[in-house]
file start.cif (mmCIF, C-alpha atoms)
data_protein
loop_
_atom_site.label_atom_id
_atom_site.label_comp_id
_atom_site.auth_asym_id
_atom_site.auth_seq_id
_atom_site.Cartn_x
_atom_site.Cartn_y
_atom_site.Cartn_z
CA MET R 155 11.62 8.08 -27.38
CA SER R 156 9.17 10.26 -25.56
CA ARG R 157 6.72 8.17 -23.66
CA HIS R 158 4.42 10.26 -21.60
CA ILE R 159 4.28 9.23 -17.94
CA GLY R 160 1.87 10.65 -15.35
CA VAL R 161 3.18 10.94 -11.79
CA VAL R 162 0.44 11.22 -9.17
CA GLN R 163 0.59 13.86 -6.44
CA PHE R 164 -1.62 13.52 -3.36
CA PRO R 165 -1.37 15.92 -0.44
CA GLY R 166 1.61 14.39 1.40
CA THR R 167 3.28 12.72 -1.58
CA ASN R 168 7.01 13.50 -1.46
CA CYS R 169 8.78 11.41 -4.13
CA GLU R 170 7.06 12.82 -7.19
CA GLN R 171 9.86 15.18 -8.27
CA ASP R 172 12.54 12.47 -7.96
CA SER R 173 10.36 10.21 -10.10
CA ILE R 174 9.84 12.94 -12.70
CA ASP R 175 13.56 13.79 -12.79
CA THR R 176 14.42 10.13 -13.33
CA ILE R 177 11.89 9.67 -16.12
CA LYS R 178 13.10 12.83 -17.87
CA ASN R 179 16.76 11.85 -17.48
CA LEU R 180 15.90 8.52 -19.09
CA GLY R 181 14.41 10.33 -22.08
CA GLY R 182 10.74 10.18 -21.14
CA GLN R 183 8.17 12.89 -20.63
CA ALA R 184 6.55 13.24 -17.24
CA GLU R 185 3.79 15.35 -15.77
CA ILE R 186 2.13 15.65 -12.39
CA LEU R 187 -1.34 14.19 -12.08
CA TRP R 188 -2.99 16.20 -9.29
CA HIS R 189 -5.08 14.05 -6.96
CA GLY R 190 -8.13 16.27 -7.42
CA SER R 191 -8.20 15.72 -11.18
CA ASP R 192 -10.79 13.29 -12.51
CA THR R 193 -8.83 12.35 -15.62
CA VAL R 194 -5.38 10.98 -16.38
CA GLY R 195 -5.30 12.97 -19.63
CA SER R 196 -3.15 11.55 -22.40
CA VAL R 197 -0.53 9.78 -20.27
CA GLU R 198 0.61 6.34 -21.43
CA ALA R 199 1.66 4.96 -18.05
CA ILE R 200 1.29 6.07 -14.43
CA VAL R 201 3.57 6.18 -11.39
CA ILE R 202 2.06 6.49 -7.91
CA PRO R 203 5.14 7.65 -5.98
CA GLY R 204 6.08 7.40 -2.33
CA GLY R 205 5.25 9.69 0.56
CA PHE R 206 2.34 9.95 2.96
CA ALA R 207 -0.82 10.38 0.88
CA HIS R 208 -3.40 12.32 2.92
CA GLY R 209 -1.09 12.04 5.92
CA ASP R 210 -1.55 8.24 5.98
CA TYR R 211 -4.56 8.91 8.25
CA LEU R 212 -6.51 5.84 9.38
CA ARG R 213 -4.07 3.51 7.57
CA CYS R 214 -1.31 4.06 5.02
CA GLY R 215 -2.96 4.74 1.67
CA ALA R 216 -6.50 4.37 3.02
CA ILE R 217 -7.77 7.87 2.27
CA ALA R 218 -6.16 8.15 -1.17
CA ARG R 219 -8.86 6.09 -2.80
CA PHE R 220 -11.33 8.92 -2.27
CA SER R 221 -9.27 11.27 -4.44
CA PRO R 222 -10.93 11.74 -7.84
CA ILE R 223 -7.71 10.75 -9.64
CA MET R 224 -8.00 7.21 -8.24
CA THR R 225 -11.28 6.63 -10.07
CA ALA R 226 -9.55 7.69 -13.29
CA ILE R 227 -6.53 5.50 -12.48
CA SER R 228 -8.75 2.49 -11.79
CA ARG R 229 -10.41 3.03 -15.16
CA PHE R 230 -6.99 3.37 -16.85
CA ALA R 231 -5.64 0.26 -15.10
CA ASN R 232 -8.74 -1.83 -15.73
CA SER R 233 -8.43 -1.11 -19.44
CA GLY R 234 -4.84 -2.40 -19.43
CA GLY R 235 -2.87 0.79 -18.70
CA VAL R 236 0.43 0.28 -16.87
CA VAL R 237 0.50 1.56 -13.28
CA LEU R 238 3.54 1.37 -10.98
CA GLY R 239 3.04 2.06 -7.26
CA ILE R 240 6.20 2.75 -5.28
CA CYS R 241 6.25 2.48 -1.45
CA ASN R 242 3.22 4.56 -0.35
CA GLY R 243 1.99 4.09 -3.92
CA PHE R 244 2.05 0.31 -3.34
CA GLN R 245 0.07 0.84 -0.11
CA VAL R 246 -2.45 2.96 -2.04
CA LEU R 247 -2.85 0.19 -4.65
CA THR R 248 -3.55 -2.48 -2.00
CA GLU R 249 -5.96 -0.21 -0.11
CA THR R 250 -7.75 0.59 -3.36
CA GLY R 251 -8.06 -3.13 -4.12
CA LEU R 252 -6.07 -2.88 -7.36
CA LEU R 253 -3.46 -5.22 -5.84
CA PRO R 254 -4.09 -8.03 -3.30
CA GLY R 255 -2.79 -8.16 0.28
CA ALA R 256 -1.74 -5.38 2.64
CA LEU R 257 1.36 -3.73 4.08
CA GLN R 258 1.72 -3.79 7.85
CA LYS R 259 4.37 -2.52 10.29
CA ASN R 260 7.85 -3.91 9.87
CA VAL R 261 8.78 -6.81 12.07
CA GLY R 262 11.14 -5.31 14.64
CA LEU R 263 9.12 -2.07 14.73
CA LYS R 264 11.90 -0.05 13.09
CA PHE R 265 11.62 2.47 10.31
CA LEU R 266 14.01 1.05 7.71
CA CYS R 267 16.01 3.31 5.38
CA GLN R 268 18.76 1.30 3.71
CA MET R 269 19.99 -0.28 0.48
CA GLU R 270 18.57 -3.74 -0.16
CA SER R 271 19.49 -6.57 -2.49
CA LEU R 272 16.44 -7.67 -4.46
CA ILE R 273 16.01 -10.81 -6.53
CA VAL R 274 13.83 -10.67 -9.63
CA ASP R 275 11.33 -13.53 -9.45
CA SER R 276 8.56 -13.44 -12.06
CA THR R 277 9.23 -11.58 -15.29
CA SER R 278 5.65 -11.73 -16.52
CA SER R 279 4.54 -8.22 -15.50
CA ALA R 280 4.81 -5.04 -17.58
CA ILE R 281 7.88 -4.04 -15.55
CA GLY R 282 9.24 -7.55 -14.94
CA LYS R 283 9.57 -8.35 -18.61
CA SER R 284 12.57 -6.01 -18.86
CA PHE R 285 14.46 -8.31 -16.46
CA LYS R 286 15.71 -11.88 -16.23
CA SER R 287 14.46 -14.12 -13.45
CA GLY R 288 17.11 -14.46 -10.74
CA GLU R 289 18.74 -11.09 -11.48
CA GLN R 290 19.92 -9.17 -8.45
CA LEU R 291 19.12 -5.46 -8.07
CA GLN R 292 20.33 -2.93 -5.52
CA ILE R 293 17.50 -0.55 -4.61
CA PRO R 294 16.90 1.21 -1.25
CA ILE R 295 13.85 0.90 0.97
CA ASN R 296 12.46 3.68 3.16
CA HIS R 297 9.41 2.60 5.13
CA PHE R 298 7.78 1.66 8.43
CA GLU R 299 4.83 -0.28 6.98
CA GLY R 300 6.45 -2.46 4.33
CA ASN R 301 5.75 -5.90 5.75
CA TYR R 302 3.68 -7.51 3.00
CA VAL R 303 0.95 -9.84 4.20
CA CYS R 304 -1.84 -11.77 2.51
CA SER R 305 -3.94 -14.86 3.14
CA PRO R 306 -2.43 -18.29 2.34
CA GLU R 307 -4.94 -18.58 -0.53
CA VAL R 308 -3.78 -15.28 -2.07
CA MET R 309 -0.14 -16.32 -1.60
CA CYS R 310 -0.83 -19.53 -3.57
CA GLU R 311 -2.41 -17.46 -6.35
CA LEU R 312 0.53 -15.03 -6.43
CA GLU R 313 2.96 -17.93 -6.79
CA ALA R 314 0.85 -19.84 -9.32
CA ASN R 315 0.16 -16.81 -11.52
CA GLY R 316 3.73 -15.48 -11.51
CA GLN R 317 2.67 -12.30 -9.71
CA ILE R 318 5.72 -12.03 -7.44
CA PHE R 319 8.03 -9.59 -9.19
CA LEU R 320 10.67 -8.91 -6.51
CA ARG R 321 11.82 -10.60 -3.31
CA TYR R 322 14.28 -9.33 -0.71
CA GLU R 323 17.49 -11.30 -0.43
CA SER R 324 17.50 -10.81 3.38
CA ASN R 325 13.89 -10.10 4.30
CA PRO R 326 14.36 -6.88 6.36
CA ASN R 327 10.72 -6.21 7.25
CA GLY R 328 9.21 -9.67 7.73
CA SER R 329 7.22 -9.81 4.49
CA ILE R 330 5.54 -13.13 3.69
CA GLY R 331 7.69 -14.93 1.11
CA SER R 332 10.23 -12.05 1.40
CA ILE R 333 8.00 -10.19 -1.05
CA ALA R 334 9.23 -6.75 -2.11
CA GLY R 335 7.00 -6.25 -5.15
CA ILE R 336 4.03 -7.89 -6.84
CA SER R 337 1.76 -7.38 -9.83
CA ASN R 338 -1.89 -8.08 -10.52
CA LYS R 339 -2.76 -11.24 -12.44
CA GLU R 340 -2.77 -9.38 -15.76
CA GLY R 341 0.67 -7.90 -15.02
CA ASN R 342 -0.16 -4.26 -15.85
CA ILE R 343 -0.40 -3.07 -12.23
CA VAL R 344 2.83 -3.36 -10.23
CA GLY R 345 3.55 -2.37 -6.63
CA MET R 346 6.92 -2.38 -4.90
CA MET R 347 8.22 -1.08 -1.57
CA PRO R 348 11.80 -0.24 -2.69
CA HIS R 349 12.38 3.17 -4.29
CA PRO R 350 13.78 2.86 -7.84
CA GLU R 351 13.87 6.67 -8.21
CA ARG R 352 16.55 6.68 -5.48
CA ALA R 353 18.85 4.24 -7.30
CA THR R 354 19.57 6.28 -10.39
CA SER R 355 23.27 7.15 -10.31
CA VAL R 356 26.59 5.81 -9.09
CA LEU R 357 26.61 8.67 -6.58
CA LEU R 358 23.50 7.15 -4.98
CA GLY R 359 25.12 3.73 -4.79
CA SER R 360 23.17 2.07 -7.58
CA MET R 361 21.69 2.74 -11.00
CA ASP R 362 19.38 -0.29 -10.97
CA GLY R 363 16.31 1.87 -10.37
CA ASN R 364 16.67 3.36 -13.84
CA ARG R 365 15.83 -0.03 -15.33
CA ILE R 366 12.57 -0.23 -13.36
CA LEU R 367 11.38 3.20 -14.48
CA SER R 368 12.59 2.84 -18.06
CA ALA R 369 10.57 -0.40 -18.21
CA LEU R 370 7.52 1.90 -18.14
CA PHE R 371 8.50 3.10 -21.61
CA GLU R 372 8.84 -0.43 -22.92
CA GLY R 373 5.75 -1.74 -21.18
CA ASN R 374 2.37 -2.39 -22.64
CA VAL R 375 1.59 1.31 -22.66
CA LYS R 376 -1.83 2.35 -23.67
CA ASN R 377 -3.57 5.60 -24.42
CA ASN R 378 -6.64 6.42 -22.40
CA SER R 379 -9.29 9.09 -22.55
CA MET K 169 -34.88 9.12 14.99
CA THR K 170 -32.40 8.37 17.72
CA ILE K 171 -28.76 9.31 18.02
CA TRP K 172 -26.65 6.21 18.62
CA ARG K 173 -23.12 6.38 19.98
CA VAL K 174 -20.85 3.81 18.41
CA LYS K 175 -17.40 2.57 19.38
CA VAL K 176 -15.45 0.57 16.82
CA GLU K 177 -12.36 -1.17 18.19
CA VAL K 178 -9.89 -2.02 15.44
CA SER K 179 -7.15 -4.52 16.23
CA PRO K 180 -4.71 -6.71 14.28
CA ARG K 181 -6.33 -10.02 13.28
CA SER K 182 -5.24 -13.06 15.23
CA GLY K 183 -2.33 -14.62 13.40
CA ILE K 184 -1.24 -11.23 12.07
CA ALA K 185 2.01 -10.08 13.64
CA ASP K 186 1.51 -7.18 16.06
CA PRO K 187 5.04 -6.02 16.87
CA ALA K 188 3.75 -3.04 18.91
CA GLY K 189 1.57 -5.30 21.08
CA ALA K 190 4.44 -7.76 21.46
CA THR K 191 6.76 -4.95 22.62
CA ILE K 192 4.25 -3.89 25.29
CA GLU K 193 3.88 -7.53 26.38
CA ARG K 194 7.64 -7.96 26.67
CA SER K 195 7.90 -4.75 28.72
CA LEU K 196 5.22 -5.49 31.32
CA PRO K 197 7.29 -8.02 33.34
CA ALA K 198 9.79 -5.24 34.06
CA LEU K 199 7.06 -3.61 36.17
CA GLY K 200 6.19 -6.88 37.89
CA PHE K 201 3.27 -7.87 35.65
CA GLU K 202 4.42 -11.40 34.91
CA ASN K 203 1.09 -13.03 34.01
CA VAL K 204 0.00 -10.94 31.02
CA GLN K 205 -0.47 -12.46 27.59
CA ASN K 206 -2.00 -11.74 24.17
CA VAL K 207 -1.40 -7.97 24.22
CA ARG K 208 -2.73 -6.41 21.01
CA LEU K 209 -2.44 -2.72 20.14
CA GLY K 210 -5.29 -1.31 18.09
CA LYS K 211 -7.28 1.87 17.74
CA LEU K 212 -10.67 3.12 18.85
CA ILE K 213 -12.98 4.97 16.48
CA CYS K 214 -15.94 6.72 18.12
CA LEU K 215 -18.84 8.06 16.10
CA GLU K 216 -22.51 8.95 16.28
CA ILE K 217 -25.22 7.79 13.90
CA GLU K 218 -28.78 9.00 13.58
CA ALA K 219 -31.02 6.03 12.83
CA GLU K 220 -34.41 4.48 13.57
CA ASN K 221 -33.22 1.40 15.40
CA ARG K 222 -30.25 -0.63 16.58
CA GLU K 223 -30.44 -3.12 13.70
CA GLU K 224 -30.00 -0.32 11.18
CA VAL K 225 -26.98 0.99 13.11
CA GLU K 226 -25.43 -2.49 13.27
CA LYS K 227 -25.84 -2.89 9.53
CA LEU K 228 -24.33 0.51 8.73
CA VAL K 229 -21.37 0.06 11.07
CA ALA K 230 -20.63 -3.45 9.77
CA ASP K 231 -20.61 -2.04 6.24
CA MET K 232 -18.34 0.92 7.01
CA SER K 233 -15.99 -1.31 9.02
CA GLU K 234 -15.68 -3.78 6.17
CA ARG K 235 -15.23 -1.18 3.46
CA PHE K 236 -13.26 1.56 5.17
CA LEU K 237 -12.64 1.60 8.93
CA THR K 238 -10.65 -1.65 8.83
CA ASN K 239 -8.50 -3.39 6.29
CA PRO K 240 -10.02 -6.88 6.52
CA VAL K 241 -6.75 -8.44 5.31
CA ILE K 242 -5.01 -7.50 8.55
CA GLU K 243 -7.59 -6.08 10.98
CA ASP K 244 -10.67 -7.17 12.94
CA SER K 245 -13.28 -4.91 14.46
CA TYR K 246 -15.38 -5.13 17.58
CA VAL K 247 -18.40 -2.83 17.74
CA GLU K 248 -20.30 -1.45 20.73
CA ILE K 249 -23.50 0.55 20.27
CA PHE K 250 -25.11 2.80 22.90
CA GLU K 251 -28.43 4.61 22.73
CA SER K 252 -27.79 8.19 23.79
#

call {"tool": "encode", "arguments": {"input": "start.cif", "output": "structure tokens"}}
result
Amino acid sequence: MSRHIGVVQFPGTNCEQDSIDTIKNLGGQAEILWHGSDTVGSVEAIVIPGGFAHGDYLRCGAIARFSPIMTAISRFANSGGVVLGICNGFQVLTETGLLPGALQKNVGLKFLCQMESLIVDSTSSAIGKSFKSGEQLQIPINHFEGNYVCSPEVMCELEANGQIFLRYESNPNGSIGSIAGISNKEGNIVGMMPHPERATSVLLGSMDGNRILSALFEGNVKNNS
Amino acid sequence: MTIWRVKVEVSPRSGIADPAGATIERSLPALGFENVQNVRLGKLICLEIEAENREEVEKLVADMSERFLTNPVIEDSYVEIFES
């Protein structure tokens, strides 16, 4: 198996090497997609990793959409390509409009860096289909703005369309519906605040993150020009 | 053409939790300010625009606020325009 995964690097991204290491350890191929590039090349799925894209100026993820790579990623995603946004990558996807809602400051105003129990909800997304609904996963969070919020109308749509991929067992940041991860309606774009690339060995306290990233290989991967 | 000075106040929408504003509100009574309510913490963006008239400036600022300066899911904006 050698699925080819692109891992995006903005100025300020800091989880790209962990993501690449994980993908390679799982038997995949991974390459950096530089934010200034206007093509995603021949990758078959894309990870937008965590960090502080463009310093999180204005709002988390707000400036990233002006990077040329985001136009290419939108094209890739809109033609069915699988995109996984992790933490800041999730914020970038909401700011770009590829996923609904927004991430605001944690309730309690604390930066949270801790292991969390997550419950798999919908299994209809490209990542979710590797899991069973109701499964529990141990994956850490590491964020200040991870409190997912959306309008009541959007929340109804998320529920009705099976777009809620992950919920926190004990909602640490105040997210509406304890949401930890969602997908778009089509299921090929997924965003999650927890960091699967940091739950990849028993030494790190959990290996559940491997299953999230290996789902990229099994997903509805698609070649794109 | 005139240069217009613009102030865009960005604040959390009503109904959206503002934990920073709430913390300030909870702290004020410690200094004797007992009668303060609805504290919201936002940001102020100042800019200058060269344009023919105020209507044009209003239109441009509304557009940039909607599409970039705020995230309409969680933030509101209040705009003030001054002829300089």

call {"tool": "interface_residues", "arguments": {"input": "start.cif", "of": "chain K", "to": "chain R", "cutoff": "9 Å", "atoms": "all atoms listed in the file", "output": "PDB file with C-alpha atoms, keeping the file's coordinate frame"}}
result
ATOM      1  CA  ILE K 184      -1.240 -11.230  12.070  1.00  0.00           C
ATOM      2  CA  ALA K 185       2.010 -10.080  13.640  1.00  0.00           C
ATOM      3  CA  ASP K 186       1.510  -7.180  16.060  1.00  0.00           C
ATOM      4  CA  PRO K 187       5.040  -6.020  16.870  1.00  0.00           C
ATOM      5  CA  ALA K 188       3.750  -3.040  18.910  1.00  0.00           C
ATOM      6  CA  THR K 191       6.760  -4.950  22.620  1.00  0.00           C
ATOM      7  CA  PHE K 236     -13.260   1.560   5.170  1.00  0.00           C
ATOM      8  CA  LEU K 237     -12.640   1.600   8.930  1.00  0.00           C
ATOM      9  CA  THR K 238     -10.650  -1.650   8.830  1.00  0.00           C
ATOM     10  CA  ASN K 239      -8.500  -3.390   6.290  1.00  0.00           C
ATOM     11  CA  VAL K 241      -6.750  -8.440   5.310  1.00  0.00           C
ATOM     12  CA  ILE K 242      -5.010  -7.500   8.550  1.00  0.00           C
TER      13      ILE K 242
END

call {"tool": "residues_around", "arguments": {"input": "start.cif", "residues": "segment 213-228 of chain K", "least_positions_apart": "6", "cutoff": "6 Å", "atoms": "all atoms listed in the file", "output": "JSON, numbers by chain"}}
result
{"K": [169, 170, 171, 172, 173, 174, 175, 176]}

call {"tool": "resolve_selection", "arguments": {"input": "start.cif", "expression": "the PyMOL selection byres ((chain R and resi 276-279) around 10)", "output": "ChimeraX atom specification"}}
result
/R:236,273-275,280-288,312-313,315-321,336-344,373-374

call {"tool": "resolve_selection", "arguments": {"input": "start.cif", "expression": "the PyMOL selection byres ((chain K and resi 207) around 8)", "output": "JSON, numbers by chain"}}
result
{"K": [189, 190, 192, 193, 204, 205, 206, 208, 209]}

call {"tool": "axis_aligned_box", "arguments": {"input": "start.cif", "around": "segment 158-173 of chain R", "padding_each_side": "5 Å", "output": "JSON"}}
result
{"center_x": 5.5, "center_y": 12.6, "center_z": -10.1, "size_x": 24.2, "size_y": 16.7, "size_z": 33.0}

call {"tool": "atom_distance", "arguments": {"input": "start.cif", "atom1": "atom CA of Cys310 of chain R", "atom2": "atom CA of Arg181 of chain K"}}
result
20.1 Å

call {"tool": "residues_around", "arguments": {"input": "start.cif", "residues": "Leu370 of chain R", "least_positions_apart": "5", "cutoff": "12 Å", "atoms": "only C-alpha atoms", "output": "count of residues only"}}
result
39

call {"tool": "atom_distance", "arguments": {"input": "start.cif", "atom1": "atom CA of Gly215 of chain R", "atom2": "atom CA of Ile202 of chain R"}}
result
11.0 Å

call {"tool": "atom_distance", "arguments": {"input": "start.cif", "atom1": "atom CA of Leu252 of chain R", "atom2": "atom CA of Gly234 of chain R"}}
result
12.1 Å

call {"tool": "resolve_selection", "arguments": {"input": "start.cif", "expression": "the PyMOL selection byres ((chain R and resi 347-353) around 8)", "output": "PyMOL selection string"}}
result
chain R and resi 172-173+176+204+240-242+244+292-297+300+334-335+345-346+354-355+358-364+366-367

call {"tool": "build_atoms", "arguments": {"input": "start.cif", "residues": "segment 162-173 of chain R", "atoms": "all heavy atoms", "output": "CSV table (one decimal), keeping the file's coordinate frame"}}
result
chain,number,residue,atom,x,y,z
R,162,VAL,N,1.6,10.8,-10.0
R,162,VAL,CA,0.4,11.2,-9.2
R,162,VAL,C,0.9,12.0,-8.0
R,162,VAL,O,1.9,11.6,-7.3
R,162,VAL,CB,-0.4,10.0,-8.7
R,162,VAL,CG1,-1.6,10.5,-7.9
R,162,VAL,CG2,-0.9,9.2,-9.9
R,163,GLN,N,0.3,13.1,-7.6
R,163,GLN,CA,0.6,13.9,-6.4
R,163,GLN,C,-0.6,14.0,-5.6
R,163,GLN,O,-1.6,14.7,-5.9
R,163,GLN,CB,1.1,15.2,-6.9
R,163,GLN,CG,1.6,16.1,-5.7
R,163,GLN,CD,2.0,17.5,-6.2
R,163,GLN,OE1,1.3,18.1,-6.9
R,163,GLN,NE2,3.2,17.9,-5.8
R,164,PHE,N,-0.6,13.3,-4.4
R,164,PHE,CA,-1.6,13.5,-3.4
R,164,PHE,C,-1.1,14.6,-2.4
R,164,PHE,O,0.1,14.8,-2.4
R,164,PHE,CB,-1.8,12.2,-2.6
R,164,PHE,CG,-2.4,11.1,-3.4
R,164,PHE,CD1,-1.6,10.0,-3.8
R,164,PHE,CD2,-3.7,11.0,-3.7
R,164,PHE,CE1,-2.1,9.0,-4.6
R,164,PHE,CE2,-4.2,9.9,-4.4
R,164,PHE,CZ,-3.4,8.9,-4.9
R,165,PRO,N,-1.9,15.1,-1.5
R,165,PRO,CA,-1.4,15.9,-0.4
R,165,PRO,C,-0.5,15.0,0.4
R,165,PRO,O,-1.0,13.9,0.9
R,165,PRO,CB,-2.6,16.4,0.3
R,165,PRO,CG,-3.8,16.2,-0.6
R,165,PRO,CD,-3.4,15.1,-1.5
R,166,GLY,N,0.8,15.3,0.6
R,166,GLY,CA,1.6,14.4,1.4
R,166,GLY,C,2.5,13.5,0.6
R,166,GLY,O,3.4,12.9,1.1
R,167,THR,N,2.3,13.4,-0.7
R,167,THR,CA,3.3,12.7,-1.6
R,167,THR,C,4.6,13.5,-1.5
R,167,THR,O,4.6,14.7,-1.5
R,167,THR,CB,2.8,12.7,-3.0
R,167,THR,OG1,1.5,11.9,-3.0
R,167,THR,CG2,3.8,12.0,-4.0
R,168,ASN,N,5.7,12.8,-1.5
R,168,ASN,CA,7.0,13.5,-1.5
R,168,ASN,C,8.1,12.9,-2.4
R,168,ASN,O,9.2,13.4,-2.3
R,168,ASN,CB,7.5,13.6,0.0
R,168,ASN,CG,7.8,12.3,0.6
R,168,ASN,OD1,7.9,11.3,-0.1
R,168,ASN,ND2,7.9,12.3,1.9
R,169,CYS,N,7.8,12.0,-3.2
R,169,CYS,CA,8.8,11.4,-4.1
R,169,CYS,C,8.5,11.7,-5.6
R,169,CYS,O,9.1,11.1,-6.5
R,169,CYS,CB,8.9,9.9,-3.9
R,169,CYS,SG,9.5,9.5,-2.3
R,170,GLU,N,7.5,12.6,-5.8
R,170,GLU,CA,7.1,12.8,-7.2
R,170,GLU,C,8.1,13.5,-8.0
R,170,GLU,O,8.3,13.2,-9.2
R,170,GLU,CB,5.7,13.6,-7.2
R,170,GLU,CG,5.8,15.1,-6.8
R,170,GLU,CD,5.7,15.3,-5.3
R,170,GLU,OE1,6.1,14.4,-4.6
R,170,GLU,OE2,5.2,16.3,-4.9
R,171,GLN,N,8.9,14.5,-7.5
R,171,GLN,CA,9.9,15.2,-8.3
R,171,GLN,C,11.0,14.3,-8.6
R,171,GLN,O,11.6,14.4,-9.7
R,171,GLN,CB,10.3,16.5,-7.6
R,171,GLN,CG,9.3,17.6,-7.4
R,171,GLN,CD,8.7,18.0,-8.8
R,171,GLN,OE1,9.3,17.8,-9.8
R,171,GLN,NE2,7.5,18.5,-8.8
R,172,ASP,N,11.5,13.4,-7.7
R,172,ASP,CA,12.5,12.5,-8.0
R,172,ASP,C,12.1,11.5,-9.1
R,172,ASP,O,12.9,11.2,-10.0
R,172,ASP,CB,12.9,11.6,-6.7
R,172,ASP,CG,13.6,12.5,-5.6
R,172,ASP,OD1,14.0,13.6,-6.0
R,172,ASP,OD2,13.7,12.0,-4.5
R,173,SER,N,10.8,11.1,-9.1
R,173,SER,CA,10.4,10.2,-10.1
R,173,SER,C,10.4,10.9,-11.5
R,173,SER,O,10.8,10.4,-12.5
R,173,SER,CB,8.9,9.7,-9.8
R,173,SER,OG,8.9,9.1,-8.5
